[in-house]
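Trainee: What follows is data-v1.pdb, PDB, C-alpha atoms.
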```pdb
ATOM      1  CA  MET A   1       0.000   0.000   0.000
ATOM      2  CA  MET A   2       1.130   3.549  -0.616
ATOM      3  CA  ALA A   3      -0.014   7.113  -0.040
ATOM      4  CA  GLN A   4       0.084  10.051  -2.429
ATOM      5  CA  THR A   5      -0.885  13.647  -1.746
ATOM      6  CA  PHE A   6      -2.406  16.092  -4.193
ATOM      7  CA  LYS A   7      -3.191  19.795  -4.045
ATOM      8  CA  VAL A   8      -6.715  20.547  -5.240
ATOM      9  CA  ALA A   9      -8.244  23.943  -5.968
ATOM     10  CA  GLY A  10     -11.853  24.988  -5.540
ATOM     11  CA  MET A  11     -12.978  22.961  -2.544
ATOM     12  CA  THR A  12     -14.870  25.218  -0.153
ATOM     13  CA  CYS A  13     -17.209  23.097   1.962
ATOM     14  CA  GLY A  14     -18.109  19.640   3.151
ATOM     15  CA  HIS A  15     -20.062  18.956  -0.028
ATOM     16  CA  CYS A  16     -16.906  19.579  -2.047
ATOM     17  CA  VAL A  17     -15.003  17.177   0.192
ATOM     18  CA  THR A  18     -17.652  14.521  -0.396
ATOM     19  CA  SER A  19     -17.582  15.013  -4.172
ATOM     20  CA  VAL A  20     -13.803  14.724  -4.431
ATOM     21  CA  THR A  21     -13.681  11.803  -1.998
ATOM     22  CA  ASP A  22     -16.381   9.910  -3.891
ATOM     23  CA  SER A  23     -14.745  10.483  -7.258
ATOM     24  CA  LEU A  24     -11.259   9.411  -6.152
ATOM     25  CA  SER A  25     -12.629   6.432  -4.229
ATOM     26  CA  LYS A  26     -13.904   4.965  -7.491
ATOM     27  CA  LEU A  27     -10.412   4.667  -8.987
ATOM     28  CA  ALA A  28      -9.066   1.126  -9.107
ATOM     29  CA  GLY A  29      -6.876   0.295  -6.115
ATOM     30  CA  VAL A  30      -7.905   3.229  -3.954
ATOM     31  CA  GLU A  31      -8.483   2.242  -0.341
ATOM     32  CA  HIS A  32      -8.846   5.548   1.481
ATOM     33  CA  VAL A  33      -9.207   9.221   0.644
ATOM     34  CA  LYS A  34      -8.686  12.019   3.156
ATOM     35  CA  VAL A  35      -9.299  15.680   2.355
ATOM     36  CA  ASP A  36      -7.897  18.562   4.357
ATOM     37  CA  LEU A  37     -10.303  21.295   3.354
ATOM     38  CA  SER A  38      -8.400  24.220   4.862
ATOM     39  CA  ASP A  39      -5.190  23.311   3.022
ATOM     40  CA  GLY A  40      -6.793  21.878  -0.111
ATOM     41  CA  VAL A  41      -4.645  18.774   0.291
ATOM     42  CA  VAL A  42      -5.985  15.349  -0.630
ATOM     43  CA  THR A  43      -4.247  12.203   0.589
ATOM     44  CA  VAL A  44      -5.007   8.979  -1.232
ATOM     45  CA  ARG A  45      -4.005   5.559   0.057
ATOM     46  CA  SER A  46      -3.995   2.904  -2.647
ATOM     47  CA  LYS A  47      -2.720  -0.544  -3.524
ATOM     48  CA  HIS A  48      -0.516   0.803  -6.292
ATOM     49  CA  HIS A  49       0.791   4.100  -7.604
ATOM     50  CA  LEU A  50      -1.886   6.245  -9.235
ATOM     51  CA  ALA A  51      -1.006   7.977 -12.491
ATOM     52  CA  GLY A  52      -1.299  11.755 -12.460
ATOM     53  CA  PRO A  53      -3.696  12.003 -15.421
ATOM     54  CA  GLU A  54      -6.010   9.423 -13.843
ATOM     55  CA  VAL A  55      -6.135  11.427 -10.607
ATOM     56  CA  ALA A  56      -6.498  14.718 -12.472
ATOM     57  CA  LYS A  57      -9.479  13.343 -14.416
ATOM     58  CA  ALA A  58     -11.240  12.075 -11.281
ATOM     59  CA  ILE A  59     -10.820  15.467  -9.617
ATOM     60  CA  ASP A  60     -11.929  17.288 -12.765
ATOM     61  CA  ASP A  61     -14.976  15.021 -13.063
ATOM     62  CA  ALA A  62     -15.964  16.057  -9.533
ATOM     63  CA  GLY A  63     -15.776  19.708 -10.595
ATOM     64  CA  TYR A  64     -12.429  20.687  -9.107
ATOM     65  CA  GLU A  65      -8.873  21.129 -10.296
ATOM     66  CA  LEU A  66      -5.663  19.274  -9.526
ATOM     67  CA  ILE A  67      -3.067  22.027  -9.199
ATOM     68  CA  ALA A  68      -0.074  20.035  -7.913
ATOM     69  CA  PRO A  69       0.714  16.339  -7.953
TER      70      PRO A  69
ATOM     71  CA  MET B   1     -47.539  35.987  -4.908
ATOM     72  CA  MET B   2     -44.810  37.735  -2.991
ATOM     73  CA  ALA B   3     -41.067  37.773  -2.680
ATOM     74  CA  GLN B   4     -38.939  37.876   0.459
ATOM     75  CA  THR B   5     -35.164  38.102   0.726
ATOM     76  CA  PHE B   6     -32.979  36.590   3.398
ATOM     77  CA  LYS B   7     -29.309  36.847   4.223
ATOM     78  CA  VAL B   8     -27.729  33.438   4.774
ATOM     79  CA  ALA B   9     -24.268  32.666   6.169
ATOM     80  CA  GLY B  10     -22.014  29.769   5.277
ATOM     81  CA  MET B  11     -22.843  29.125   1.635
ATOM     82  CA  THR B  12     -19.612  28.715  -0.306
ATOM     83  CA  CYS B  13     -20.310  26.672  -3.432
ATOM     84  CA  GLY B  14     -22.908  25.343  -5.803
ATOM     85  CA  HIS B  15     -23.619  22.393  -3.537
ATOM     86  CA  CYS B  16     -24.534  24.816  -0.762
ATOM     87  CA  VAL B  17     -26.860  26.652  -3.141
ATOM     88  CA  THR B  18     -28.568  23.373  -4.022
ATOM     89  CA  SER B  19     -28.987  22.395  -0.360
ATOM     90  CA  VAL B  20     -30.546  25.705   0.639
ATOM     91  CA  THR B  21     -32.727  25.836  -2.475
ATOM     92  CA  ASP B  22     -33.998  22.297  -1.928
ATOM     93  CA  SER B  23     -34.772  22.909   1.736
ATOM     94  CA  LEU B  24     -36.653  26.177   1.172
ATOM     95  CA  SER B  25     -38.494  24.759  -1.838
ATOM     96  CA  LYS B  26     -40.157  22.209   0.446
ATOM     97  CA  LEU B  27     -41.925  24.889   2.506
ATOM     98  CA  ALA B  28     -45.639  25.194   1.822
ATOM     99  CA  GLY B  29     -46.449  27.902  -0.699
ATOM    100  CA  VAL B  30     -42.914  28.362  -2.023
ATOM    101  CA  GLU B  31     -42.807  28.690  -5.793
ATOM    102  CA  HIS B  32     -39.257  29.758  -6.547
ATOM    103  CA  VAL B  33     -35.951  30.089  -4.726
ATOM    104  CA  LYS B  34     -32.994  32.046  -6.056
ATOM    105  CA  VAL B  35     -29.621  32.162  -4.321
ATOM    106  CA  ASP B  36     -26.979  34.794  -4.961
ATOM    107  CA  LEU B  37     -23.913  32.971  -3.730
ATOM    108  CA  SER B  38     -21.510  35.917  -3.785
ATOM    109  CA  ASP B  39     -23.820  38.065  -1.653
ATOM    110  CA  GLY B  40     -25.328  35.265   0.440
ATOM    111  CA  VAL B  41     -28.770  36.573  -0.414
ATOM    112  CA  VAL B  42     -31.686  34.202  -0.927
ATOM    113  CA  THR B  43     -34.863  35.380  -2.636
ATOM    114  CA  VAL B  44     -37.983  33.304  -2.116
ATOM    115  CA  ARG B  45     -41.157  33.767  -4.136
ATOM    116  CA  SER B  46     -44.201  32.273  -2.456
ATOM    117  CA  LYS B  47     -47.971  32.307  -2.435
ATOM    118  CA  HIS B  48     -48.106  33.811   1.038
ATOM    119  CA  HIS B  49     -45.796  35.456   3.559
ATOM    120  CA  LEU B  50     -43.324  33.033   5.137
ATOM    121  CA  ALA B  51     -42.770  33.293   8.880
ATOM    122  CA  GLY B  52     -39.189  33.989   9.960
ATOM    123  CA  PRO B  53     -38.842  30.940  12.238
ATOM    124  CA  GLU B  54     -40.096  28.648   9.471
ATOM    125  CA  VAL B  55     -37.496  30.014   7.052
ATOM    126  CA  ALA B  56     -34.771  29.939   9.707
ATOM    127  CA  LYS B  57     -35.502  26.273  10.419
ATOM    128  CA  ALA B  58     -35.378  25.288   6.738
ATOM    129  CA  ILE B  59     -32.026  27.046   6.332
ATOM    130  CA  ASP B  60     -30.708  25.529   9.548
ATOM    131  CA  ASP B  61     -31.844  22.058   8.448
ATOM    132  CA  ALA B  62     -29.785  22.510   5.285
ATOM    133  CA  GLY B  63     -26.735  23.267   7.431
ATOM    134  CA  TYR B  64     -26.601  27.063   7.127
ATOM    135  CA  GLU B  65     -27.640  30.071   9.161
ATOM    136  CA  LEU B  66     -30.207  32.774   8.594
ATOM    137  CA  ILE B  67     -28.480  35.961   9.723
ATOM    138  CA  ALA B  68     -30.993  38.573   8.576
ATOM    139  CA  PRO B  69     -34.635  38.353   7.600
TER     140      PRO B  69
END
```
Would you encode the structure as structure tokens?

Mentor:
Amino acid sequence: MMAQTFKVAGMTCGHCVTSVTDSLSKLAGVEHVKVDLSDGVVTVRSKHHLAGPEVAKAIDDAGYELIAP
Amino acid sequence: MMAQTFKVAGMTCGHCVTSVTDSLSKLAGVEHVKVDLSDGVVTVRSKHHLAGPEVAKAIDDAGYELIAP
């Protein structure tokens, strides 16, 4: 298992946290998603390394923007 | 028909707008709800005058706070 952190722009409330968490949780291998709303930092624990574009798409699909891998 | 405006605290994104709109739309007589997110102003069109406590409860139930009637 491994953990990766991502910086995400646009999250402002608990609903945003839920949307991003739900979207990332659907990626293959993802076991846990934690969002720090005040910092905009998302930590993803997964069985294998997640590719940047895959993560970026999941965040974009939720309506937010990956600004740093 | 009449319109009333309310100032609501805590709304930060489109999800918040949806939550407040949905909650107020369930009140008897309400025909239309419009939220100005940047100002935090909610305009409610309804068949009859809405009592303050009724509106405050609907907003509170959605997770936000009525700060001015």

Trainee: Report, in Å to a single decimal, how far apart atom CA of A:Pro53 and atom CA of B:Cys16 are.

Mentor: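 According to the coordinates, atom CA of B:Cys16 and atom CA of A:Pro53 are separated by 28.5 Å.
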
Trainee: Taking the file as I've supplied it (selection: the PyMOL selection byres ((chain A) within 12 of (chain B))), which residues are included? Please answer as a list in words.

Mentor: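 Matching residues under the PyMOL selection byres ((chain A) within 12 of (chain B)) are Gly10, Met11, Thr12, Cys13, Gly14, His15, Cys16, Val17, Thr18, Ser19, Ala62, Gly63 and Tyr64 of chain A.
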
Trainee: Mind dumping the selected residues with C-alpha atoms as an mmCIF file, in the coordinates of the input?

Mentor:
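The resulting file, out.cif, is reproduced below:
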```
data_model
loop_
_atom_site.group_PDB
_atom_site.id
_atom_site.type_symbol
_atom_site.label_atom_id
_atom_site.label_comp_id
_atom_site.auth_asym_id
_atom_site.auth_seq_id
_atom_site.Cartn_x
_atom_site.Cartn_y
_atom_site.Cartn_z
ATOM 1 C CA GLY A 10 -11.853 24.988 -5.540
ATOM 2 C CA MET A 11 -12.978 22.961 -2.544
ATOM 3 C CA THR A 12 -14.870 25.218 -0.153
ATOM 4 C CA CYS A 13 -17.209 23.097 1.962
ATOM 5 C CA GLY A 14 -18.109 19.640 3.151
ATOM 6 C CA HIS A 15 -20.062 18.956 -0.028
ATOM 7 C CA CYS A 16 -16.906 19.579 -2.047
ATOM 8 C CA VAL A 17 -15.003 17.177 0.192
ATOM 9 C CA THR A 18 -17.652 14.521 -0.396
ATOM 10 C CA SER A 19 -17.582 15.013 -4.172
ATOM 11 C CA ALA A 62 -15.964 16.057 -9.533
ATOM 12 C CA GLY A 63 -15.776 19.708 -10.595
ATOM 13 C CA TYR A 64 -12.429 20.687 -9.107
#
```

Trainee: Please, what distance in Å, to one decimal, runs between atom CA of B:Gln4 and atom CA of B:Lys47?

Mentor: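 We find that atom CA of B:Gln4 and atom CA of B:Lys47 lie 11.0 Å from each other.
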
Trainee: Once the PyMOL selection byres ((chain B and resi 27) around 9) is applied to the coordinates I shared, what remains selected? I want it as an MDAnalysis selection string.

Mentor: chainID B and resid 23:26 28:30 50 54:55 58

Trainee: Give as a list in words the residues that the PyMOL selection byres ((chain A and resi 67) around 10) matches when applied to the coordinates above.

Mentor: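 Residues picked by the PyMOL selection byres ((chain A and resi 67) around 10): Phe6, Lys7, Val8, Ala9, Gly10, Gly40, Ala56, Tyr64, Glu65, Leu66, Ala68 and Pro69 of chain A.
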
Trainee: Could you give me the centre and size, in Å to one decimal, of an axis-aligned box around all listed atoms of stretch 50-62 of chain A with 5 Å added on every side, as lines of an AutoDock Vina configuration file?

Mentor:
```
center_x = -8.5
center_y = 11.8
center_z = -12.3
size_x = 25.0
size_y = 21.0
size_z = 16.2
```

Trainee: Would you kindly place N, CA, C and O atoms on stretch 28-43 of chain B and return the model as a PDB file, keeping the file's coordinate frame?

Mentor:
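File part-v3.pdb, as written:
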```pdb
ATOM      1  N   ALA B  28     -44.326  25.018   2.448  1.00  0.00           N
ATOM      2  CA  ALA B  28     -45.639  25.194   1.822  1.00  0.00           C
ATOM      3  C   ALA B  28     -45.758  26.576   1.210  1.00  0.00           C
ATOM      4  O   ALA B  28     -45.426  27.585   1.848  1.00  0.00           O
ATOM      5  N   GLY B  29     -46.208  26.625  -0.038  1.00  0.00           N
ATOM      6  CA  GLY B  29     -46.449  27.902  -0.699  1.00  0.00           C
ATOM      7  C   GLY B  29     -45.278  28.434  -1.495  1.00  0.00           C
ATOM      8  O   GLY B  29     -45.441  29.372  -2.285  1.00  0.00           O
ATOM      9  N   VAL B  30     -44.100  27.852  -1.312  1.00  0.00           N
ATOM     10  CA  VAL B  30     -42.914  28.362  -2.023  1.00  0.00           C
ATOM     11  C   VAL B  30     -42.961  27.956  -3.493  1.00  0.00           C
ATOM     12  O   VAL B  30     -43.200  26.797  -3.826  1.00  0.00           O
ATOM     13  N   GLU B  31     -42.747  28.948  -4.355  1.00  0.00           N
ATOM     14  CA  GLU B  31     -42.807  28.690  -5.793  1.00  0.00           C
ATOM     15  C   GLU B  31     -41.456  28.789  -6.483  1.00  0.00           C
ATOM     16  O   GLU B  31     -41.240  28.177  -7.516  1.00  0.00           O
ATOM     17  N   HIS B  32     -40.565  29.602  -5.906  1.00  0.00           N
ATOM     18  CA  HIS B  32     -39.257  29.758  -6.547  1.00  0.00           C
ATOM     19  C   HIS B  32     -38.236  30.229  -5.522  1.00  0.00           C
ATOM     20  O   HIS B  32     -38.547  31.062  -4.674  1.00  0.00           O
ATOM     21  N   VAL B  33     -37.044  29.672  -5.611  1.00  0.00           N
ATOM     22  CA  VAL B  33     -35.951  30.089  -4.726  1.00  0.00           C
ATOM     23  C   VAL B  33     -34.755  30.454  -5.592  1.00  0.00           C
ATOM     24  O   VAL B  33     -34.384  29.708  -6.497  1.00  0.00           O
ATOM     25  N   LYS B  34     -34.176  31.619  -5.322  1.00  0.00           N
ATOM     26  CA  LYS B  34     -32.994  32.046  -6.056  1.00  0.00           C
ATOM     27  C   LYS B  34     -31.912  32.419  -5.048  1.00  0.00           C
ATOM     28  O   LYS B  34     -32.163  33.163  -4.101  1.00  0.00           O
ATOM     29  N   VAL B  35     -30.724  31.882  -5.241  1.00  0.00           N
ATOM     30  CA  VAL B  35     -29.621  32.162  -4.321  1.00  0.00           C
ATOM     31  C   VAL B  35     -28.532  32.933  -5.051  1.00  0.00           C
ATOM     32  O   VAL B  35     -28.071  32.516  -6.113  1.00  0.00           O
ATOM     33  N   ASP B  36     -28.148  34.066  -4.483  1.00  0.00           N
ATOM     34  CA  ASP B  36     -26.979  34.794  -4.961  1.00  0.00           C
ATOM     35  C   ASP B  36     -25.821  34.407  -4.050  1.00  0.00           C
ATOM     36  O   ASP B  36     -25.720  34.875  -2.915  1.00  0.00           O
ATOM     37  N   LEU B  37     -24.972  33.540  -4.565  1.00  0.00           N
ATOM     38  CA  LEU B  37     -23.913  32.971  -3.730  1.00  0.00           C
ATOM     39  C   LEU B  37     -22.918  34.028  -3.267  1.00  0.00           C
ATOM     40  O   LEU B  37     -22.487  34.023  -2.103  1.00  0.00           O
ATOM     41  N   SER B  38     -22.542  34.941  -4.145  1.00  0.00           N
ATOM     42  CA  SER B  38     -21.510  35.917  -3.785  1.00  0.00           C
ATOM     43  C   SER B  38     -21.983  36.869  -2.688  1.00  0.00           C
ATOM     44  O   SER B  38     -21.194  37.312  -1.855  1.00  0.00           O
ATOM     45  N   ASP B  39     -23.275  37.163  -2.674  1.00  0.00           N
ATOM     46  CA  ASP B  39     -23.820  38.065  -1.653  1.00  0.00           C
ATOM     47  C   ASP B  39     -24.407  37.322  -0.448  1.00  0.00           C
ATOM     48  O   ASP B  39     -24.690  37.934   0.570  1.00  0.00           O
ATOM     49  N   GLY B  40     -24.653  36.021  -0.610  1.00  0.00           N
ATOM     50  CA  GLY B  40     -25.328  35.265   0.440  1.00  0.00           C
ATOM     51  C   GLY B  40     -26.783  35.655   0.600  1.00  0.00           C
ATOM     52  O   GLY B  40     -27.354  35.528   1.678  1.00  0.00           O
ATOM     53  N   VAL B  41     -27.384  36.131  -0.482  1.00  0.00           N
ATOM     54  CA  VAL B  41     -28.770  36.573  -0.414  1.00  0.00           C
ATOM     55  C   VAL B  41     -29.679  35.559  -1.114  1.00  0.00           C
ATOM     56  O   VAL B  41     -29.418  35.139  -2.237  1.00  0.00           O
ATOM     57  N   VAL B  42     -30.726  35.164  -0.398  1.00  0.00           N
ATOM     58  CA  VAL B  42     -31.686  34.202  -0.927  1.00  0.00           C
ATOM     59  C   VAL B  42     -33.018  34.912  -1.138  1.00  0.00           C
ATOM     60  O   VAL B  42     -33.532  35.556  -0.217  1.00  0.00           O
ATOM     61  N   THR B  43     -33.555  34.802  -2.333  1.00  0.00           N
ATOM     62  CA  THR B  43     -34.863  35.380  -2.636  1.00  0.00           C
ATOM     63  C   THR B  43     -35.868  34.255  -2.816  1.00  0.00           C
ATOM     64  O   THR B  43     -35.635  33.319  -3.585  1.00  0.00           O
TER      65      THR B  43
END
```
